file work-v6.cif (mmCIF, C-alpha atoms and all ligand atoms)
data_run
loop_
_atom_site.label_atom_id
_atom_site.label_comp_id
_atom_site.auth_asym_id
_atom_site.auth_seq_id
_atom_site.Cartn_x
_atom_site.Cartn_y
_atom_site.Cartn_z
CA MET A 1 52.05 74.25 -43.76
CA ARG A 2 54.37 73.53 -40.86
CA ILE A 3 52.90 72.05 -37.70
CA GLU A 4 54.75 71.44 -34.44
CA SER A 5 53.72 68.27 -32.63
CA THR A 6 54.85 67.90 -29.05
CA SER A 7 53.85 64.26 -28.51
CA SER A 8 53.00 61.08 -30.39
CA GLY A 9 49.39 61.55 -29.22
CA MET A 10 49.34 64.99 -30.82
CA THR A 11 50.74 63.61 -34.08
CA LYS A 12 47.91 61.07 -34.07
CA ARG A 13 45.31 63.76 -33.42
CA ILE A 14 46.69 65.92 -36.24
CA ALA A 15 46.42 62.91 -38.56
CA ALA A 16 42.92 62.15 -37.28
CA ALA A 17 41.91 65.75 -38.03
CA LEU A 18 43.15 65.29 -41.61
CA ALA A 19 41.19 62.06 -42.09
CA PRO A 20 37.70 63.52 -42.66
CA LEU A 21 39.13 65.97 -45.21
CA LEU A 22 40.34 63.15 -47.46
CA SER A 23 38.45 61.06 -50.01
CA PRO A 24 39.12 57.69 -51.64
CA SER A 25 42.11 57.94 -54.03
CA ASP A 26 43.74 60.68 -51.92
CA LEU A 27 47.31 59.87 -50.95
CA VAL A 28 49.68 61.22 -48.31
CA ALA A 29 53.33 60.68 -49.25
CA MET A 30 55.44 60.68 -46.08
CA ASP A 31 59.18 61.02 -45.67
CA GLY A 32 61.49 61.63 -42.77
CA PRO A 33 64.04 59.69 -40.74
CA LEU A 34 63.43 56.51 -38.78
CA GLY A 35 61.44 57.31 -35.66
CA ALA A 36 60.17 60.65 -36.96
CA GLY A 37 56.57 59.47 -36.58
CA LYS A 38 55.44 58.24 -40.00
CA THR A 39 53.81 55.08 -38.64
CA CYS A 40 52.37 57.10 -35.77
CA PHE A 41 50.76 59.47 -38.30
CA ALA A 42 49.41 56.50 -40.28
CA GLN A 43 47.87 55.11 -37.07
CA GLY A 44 46.22 58.45 -36.31
CA LEU A 45 44.82 58.66 -39.82
CA ALA A 46 43.41 55.14 -39.53
CA GLU A 47 41.83 56.03 -36.17
CA GLY A 48 40.36 59.16 -37.74
CA LEU A 49 38.79 56.92 -40.38
CA GLY A 50 37.27 54.75 -37.66
CA LEU A 51 39.77 51.89 -37.92
CA CYS A 52 40.80 51.90 -34.26
CA GLY A 53 43.94 50.09 -33.22
CA VAL A 54 44.49 48.04 -36.34
CA VAL A 55 47.52 49.69 -37.91
CA ALA A 56 50.81 48.09 -36.99
CA SER A 57 54.19 49.13 -38.31
CA PRO A 58 54.36 47.17 -41.55
CA SER A 59 58.08 46.48 -41.15
CA PHE A 60 57.97 43.13 -42.91
CA VAL A 61 54.95 43.88 -45.03
CA LEU A 62 55.11 46.33 -47.90
CA ALA A 63 51.43 47.16 -47.91
CA ARG A 64 48.45 46.56 -45.67
CA HIS A 65 44.95 47.13 -46.91
CA TYR A 66 42.01 47.89 -44.63
CA PRO A 67 38.50 48.85 -45.72
CA GLY A 68 39.00 52.25 -47.39
CA PHE A 69 42.56 52.62 -46.13
CA LEU A 70 45.88 51.54 -47.60
CA HIS A 71 49.16 51.75 -45.66
CA VAL A 72 52.34 51.30 -47.69
CA ASP A 73 55.89 51.16 -46.33
CA ALA A 74 58.29 51.66 -49.23
CA TYR A 75 61.43 51.36 -47.06
CA ARG A 76 62.53 48.11 -48.69
CA LEU A 77 61.44 49.07 -52.19
CA ALA A 78 64.34 50.04 -54.41
CA SER A 79 62.52 51.33 -57.44
CA GLU A 80 59.27 52.64 -58.87
CA GLU A 81 58.98 49.38 -60.83
CA GLU A 82 58.93 47.41 -57.57
CA PHE A 83 56.09 49.60 -56.31
CA LEU A 84 54.12 49.16 -59.53
CA ALA A 85 54.72 45.40 -59.33
CA LEU A 86 52.73 45.31 -56.06
CA GLY A 87 49.64 45.80 -58.23
CA LEU A 88 47.92 48.25 -55.89
CA GLU A 89 46.06 50.24 -58.57
CA GLU A 90 42.60 49.15 -57.44
CA GLN A 91 43.34 49.75 -53.75
CA LEU A 92 44.89 53.15 -54.52
CA ARG A 93 41.74 54.13 -56.40
CA SER A 94 39.30 53.00 -53.74
CA SER A 95 41.21 53.94 -50.58
CA ILE A 96 42.79 56.77 -48.69
CA THR A 97 46.49 55.89 -48.85
CA VAL A 98 49.54 56.75 -46.75
CA VAL A 99 53.02 55.86 -47.94
CA GLU A 100 56.06 55.75 -45.64
CA TRP A 101 59.46 56.39 -47.29
CA ALA A 102 57.63 57.82 -50.31
CA SER A 103 60.87 59.15 -51.82
CA HIS A 104 61.85 55.53 -52.57
CA VAL A 105 59.01 55.30 -55.11
CA ASN A 106 58.39 58.96 -55.92
CA GLY A 107 57.77 58.71 -59.67
CA ALA A 108 55.23 55.91 -59.21
CA LEU A 109 52.98 58.02 -56.96
CA PRO A 110 50.12 60.07 -58.36
CA GLU A 111 50.73 63.78 -58.90
CA GLU A 112 47.53 64.47 -56.95
CA ARG A 113 48.88 63.89 -53.47
CA LEU A 114 49.89 65.58 -50.24
CA ASP A 115 53.55 65.47 -49.28
CA LEU A 116 54.31 65.19 -45.57
CA ARG A 117 57.85 65.60 -44.29
CA LEU A 118 58.37 64.65 -40.63
CA GLU A 119 61.49 65.90 -38.86
CA TYR A 120 63.00 65.63 -35.40
CA ALA A 121 63.02 68.82 -33.35
CA PRO A 122 65.48 69.65 -30.55
CA ALA A 123 63.00 68.70 -27.81
CA GLU A 124 62.84 64.93 -27.43
CA GLU A 125 59.11 64.46 -27.99
CA THR A 126 58.70 67.18 -30.59
CA ARG A 127 58.42 66.73 -34.33
CA PHE A 128 57.94 69.18 -37.17
CA LEU A 129 55.35 68.17 -39.74
CA GLU A 130 55.62 69.96 -43.08
CA LEU A 131 52.53 69.37 -45.21
CA THR A 132 52.70 70.46 -48.84
CA ALA A 133 50.02 70.38 -51.54
CA ARG A 134 50.65 70.11 -55.26
CA THR A 135 47.19 70.95 -56.62
CA ASP A 136 44.31 73.33 -55.90
CA ARG A 137 42.37 70.49 -54.29
CA GLY A 138 45.38 69.70 -52.10
CA ARG A 139 45.74 73.34 -51.11
CA GLY A 140 42.07 73.33 -50.10
CA ILE A 141 42.70 70.31 -47.87
CA VAL A 142 45.73 71.95 -46.24
CA ARG A 143 43.71 75.14 -45.60
CA ALA A 144 40.88 73.13 -44.09
CA LEU A 145 43.33 71.29 -41.82
CA ALA A 146 44.87 74.60 -40.73
CA ASP A 147 41.36 75.81 -39.85
CA ALA A 148 40.58 72.61 -37.95
CA LEU A 149 43.83 72.80 -35.96
CA GLY A 150 43.56 76.56 -35.42
CA GLN A 151 40.08 76.24 -34.03
CA GLY A 152 41.22 73.69 -31.49
CA ARG A 153 39.17 70.92 -32.99
CA LEU A 154 41.76 68.32 -32.07
CA THR A 155 39.73 65.73 -30.25
CA GLU A 156 41.10 64.45 -26.98
CA PRO A 157 42.53 60.94 -27.02
CA ALA A 158 40.24 58.17 -25.87
CA PRO A 159 40.77 57.41 -22.13
N1 LIG B 1 55.70 64.31 -31.49
C1 LIG B 1 55.83 63.00 -31.82
N2 LIG B 1 55.19 62.51 -32.90
C2 LIG B 1 55.32 61.20 -33.25
N3 LIG B 1 56.07 60.31 -32.59
C3 LIG B 1 56.72 60.73 -31.50
C4 LIG B 1 56.64 62.08 -31.07
N4 LIG B 1 57.40 62.22 -29.96
C5 LIG B 1 57.93 61.03 -29.72
N5 LIG B 1 57.53 60.11 -30.62
C6 LIG B 1 57.96 58.70 -30.66
O1 LIG B 1 58.73 58.51 -31.82
C7 LIG B 1 58.49 57.23 -32.35
C8 LIG B 1 57.96 57.34 -33.76
O2 LIG B 1 57.94 56.05 -34.30
P1 LIG B 1 57.30 55.69 -35.71
O3 LIG B 1 55.98 56.36 -35.85
O4 LIG B 1 57.36 54.22 -35.85
O5 LIG B 1 58.35 56.40 -36.70
P2 LIG B 1 58.67 56.08 -38.22
O6 LIG B 1 57.52 55.30 -38.79
O7 LIG B 1 58.82 57.45 -38.85
O8 LIG B 1 59.96 55.33 -38.24
C9 LIG B 1 57.50 56.53 -31.44
O9 LIG B 1 58.22 55.76 -30.51
C10 LIG B 1 56.80 57.72 -30.77
O10 LIG B 1 56.31 57.39 -29.50
MG MG B 2 57.45 53.48 -39.86
#

call {"tool": "encode", "arguments": {"input": "work-v6.cif", "output": "structure tokens"}}
result
Amino acid sequence: MRIESTSSGMTKRIAAALAPLLSPSDLVAMDGPLGAGKTCFAQGLAEGLGLCGVVASPSFVLARHYPGFLHVDAYRLASEEEFLALGLEEQLRSSITVVEWASHVNGALPEERLDLRLEYAPAEETRFLELTARTDRGRGIVRALADALGQGRLTEPAP
């Protein structure tokens, strides 16, 4: 599914709409150039899970774990072995996980995941979000998100 986001707030609201559709052990594998909005999406997802305002860009941290939420930035990881060496198995099992620069550690990620490609669009504040499922369960999640977005259930940002 391809979604057009016209602001960082909208990207966060799209992510927040995805949050209630996910369960512990679900993983969103994000790729896309610097500044495309991966961290922004992770923040929106965290907010959708009720973790308001805690997610910073983990530039110098490879992984941050919050209750029920794991945020990984694989930018500085060079191999799948380096990802496995972080020893995140337990957190991956018990949390909803988002991974930035997922292509750096592709083979180490579970097959049961959603792939999210974020791309710049010609308009300055617009991004294209391409969400792809690999399994029936994933396809169900994507359909449910499409319904949620189509029915205008994007909640307004907090004042
Ligand atoms: N539609 C949009 N979605 C997400 N971010 C946007 C959008 N439009 C502009 N931006 C800006 O782009 C930047 C995205 O930064 P960030 O989320 O850190 O990207 P990444 O983690 O992919 O490097 C932020 O400064 C954000 O305000
Ligand atoms: Mg980032």

call {"tool": "residues_around", "arguments": {"input": "work-v6.cif", "residues": "range 86-96 of chain A", "least_positions_apart": "5", "cutoff": "6 Å", "atoms": "only C-alpha atoms", "output": "number ranges by chain"}}
result
A: 24-27, 68-69

call {"tool": "residues_near_ligand", "arguments": {"input": "work-v6.cif", "ligand": "ligand LIG 1 (chain B)", "cutoff": "8 Å", "atoms": "all atoms listed in the file", "output": "PyMOL selection string"}}
result
chain A and resi 4-12+31-42+57+100+118+124-128

call {"tool": "write_last_selection", "arguments": {"input": "work-v6.cif", "atoms": "C-alpha atoms", "output": "mmCIF file, keeping the file's coordinate frame"}}
result
data_model
loop_
_atom_site.group_PDB
_atom_site.id
_atom_site.type_symbol
_atom_site.label_atom_id
_atom_site.label_comp_id
_atom_site.auth_asym_id
_atom_site.auth_seq_id
_atom_site.Cartn_x
_atom_site.Cartn_y
_atom_site.Cartn_z
ATOM 1 C CA GLU A 4 54.750 71.440 -34.440
ATOM 2 C CA SER A 5 53.720 68.270 -32.630
ATOM 3 C CA THR A 6 54.850 67.900 -29.050
ATOM 4 C CA SER A 7 53.850 64.260 -28.510
ATOM 5 C CA SER A 8 53.000 61.080 -30.390
ATOM 6 C CA GLY A 9 49.390 61.550 -29.220
ATOM 7 C CA MET A 10 49.340 64.990 -30.820
ATOM 8 C CA THR A 11 50.740 63.610 -34.080
ATOM 9 C CA LYS A 12 47.910 61.070 -34.070
ATOM 10 C CA ASP A 31 59.180 61.020 -45.670
ATOM 11 C CA GLY A 32 61.490 61.630 -42.770
ATOM 12 C CA PRO A 33 64.040 59.690 -40.740
ATOM 13 C CA LEU A 34 63.430 56.510 -38.780
ATOM 14 C CA GLY A 35 61.440 57.310 -35.660
ATOM 15 C CA ALA A 36 60.170 60.650 -36.960
ATOM 16 C CA GLY A 37 56.570 59.470 -36.580
ATOM 17 C CA LYS A 38 55.440 58.240 -40.000
ATOM 18 C CA THR A 39 53.810 55.080 -38.640
ATOM 19 C CA CYS A 40 52.370 57.100 -35.770
ATOM 20 C CA PHE A 41 50.760 59.470 -38.300
ATOM 21 C CA ALA A 42 49.410 56.500 -40.280
ATOM 22 C CA SER A 57 54.190 49.130 -38.310
ATOM 23 C CA GLU A 100 56.060 55.750 -45.640
ATOM 24 C CA LEU A 118 58.370 64.650 -40.630
ATOM 25 C CA GLU A 124 62.840 64.930 -27.430
ATOM 26 C CA GLU A 125 59.110 64.460 -27.990
ATOM 27 C CA THR A 126 58.700 67.180 -30.590
ATOM 28 C CA ARG A 127 58.420 66.730 -34.330
ATOM 29 C CA PHE A 128 57.940 69.180 -37.170
#

call {"tool": "atom_distance", "arguments": {"input": "work-v6.cif", "atom1": "CA of Glu112 in chain A", "atom2": "CA of Val72 in chain A"}}
result
16.8 Å

call {"tool": "closest_residue", "arguments": {"input": "work-v6.cif", "among": "A:Thr97, A:Gly107, A:Ala144, A:Leu51", "to": "Ser23 in chain A", "atoms": "only C-alpha atoms"}}
result
A:Thr97

call {"tool": "closest_residue", "arguments": {"input": "work-v6.cif", "among": "A:Ala74, A:Gly138, A:Glu130, A:Gln151", "to": "Arg2 in chain A", "atoms": "only C-alpha atoms"}}
result
A:Glu130

call {"tool": "residues_around", "arguments": {"input": "work-v6.cif", "residues": "Glu82 in chain A", "least_positions_apart": "6", "cutoff": "10 Å", "atoms": "only C-alpha atoms", "output": "list of chain:residue names"}}
result
A:Ala74, A:Arg76, A:His104, A:Val105, A:Ala108

call {"tool": "closest_residue", "arguments": {"input": "work-v6.cif", "among": "A:Ala146, A:Leu70, A:Ala85, A:Leu62", "to": "ligand MG 2 (chain B)", "atoms": "all atoms listed in the file"}}
result
A:Leu62

call {"tool": "closest_residue", "arguments": {"input": "work-v6.cif", "among": "A:Tyr66, A:Pro20, A:Val98, A:Leu49", "to": "ligand MG 2 (chain B)", "atoms": "all atoms listed in the file"}}
result
A:Val98

call {"tool": "closest_residue", "arguments": {"input": "work-v6.cif", "among": "A:Leu18, A:Glu80, A:Arg13, A:Asp73", "to": "Asp147 in chain A", "atoms": "only C-alpha atoms"}}
result
A:Leu18

call {"tool": "closest_residue", "arguments": {"input": "work-v6.cif", "among": "A:Leu109, A:Ala19, A:Leu131, A:Val99", "to": "ligand MG 2 (chain B)", "atoms": "only C-alpha atoms and all ligand atoms"}}
result
A:Val99

call {"tool": "atom_distance", "arguments": {"input": "work-v6.cif", "atom1": "CA of Gly50 in chain A", "atom2": "CA of Met1 in chain A"}}
result
25.2 Å

call {"tool": "atom_distance", "arguments": {"input": "work-v6.cif", "atom1": "CA of Ala133 in chain A", "atom2": "CA of Leu114 in chain A"}}
result
5.0 Å

call {"tool": "residues_around", "arguments": {"input": "work-v6.cif", "residues": "Leu21 in chain A", "least_positions_apart": "3", "cutoff": "10 Å", "atoms": "all atoms listed in the file", "output": "PyMOL selection string"}}
result
chain A and resi 16-18+26+140-142+144-145+148

call {"tool": "axis_aligned_box", "arguments": {"input": "work-v6.cif", "around": "range 143-150 of chain A", "padding_each_side": "5 Å", "output": "JSON"}}
result
{"center_x": 42.7, "center_y": 73.9, "center_z": -40.5, "size_x": 14.3, "size_y": 15.3, "size_z": 20.2}
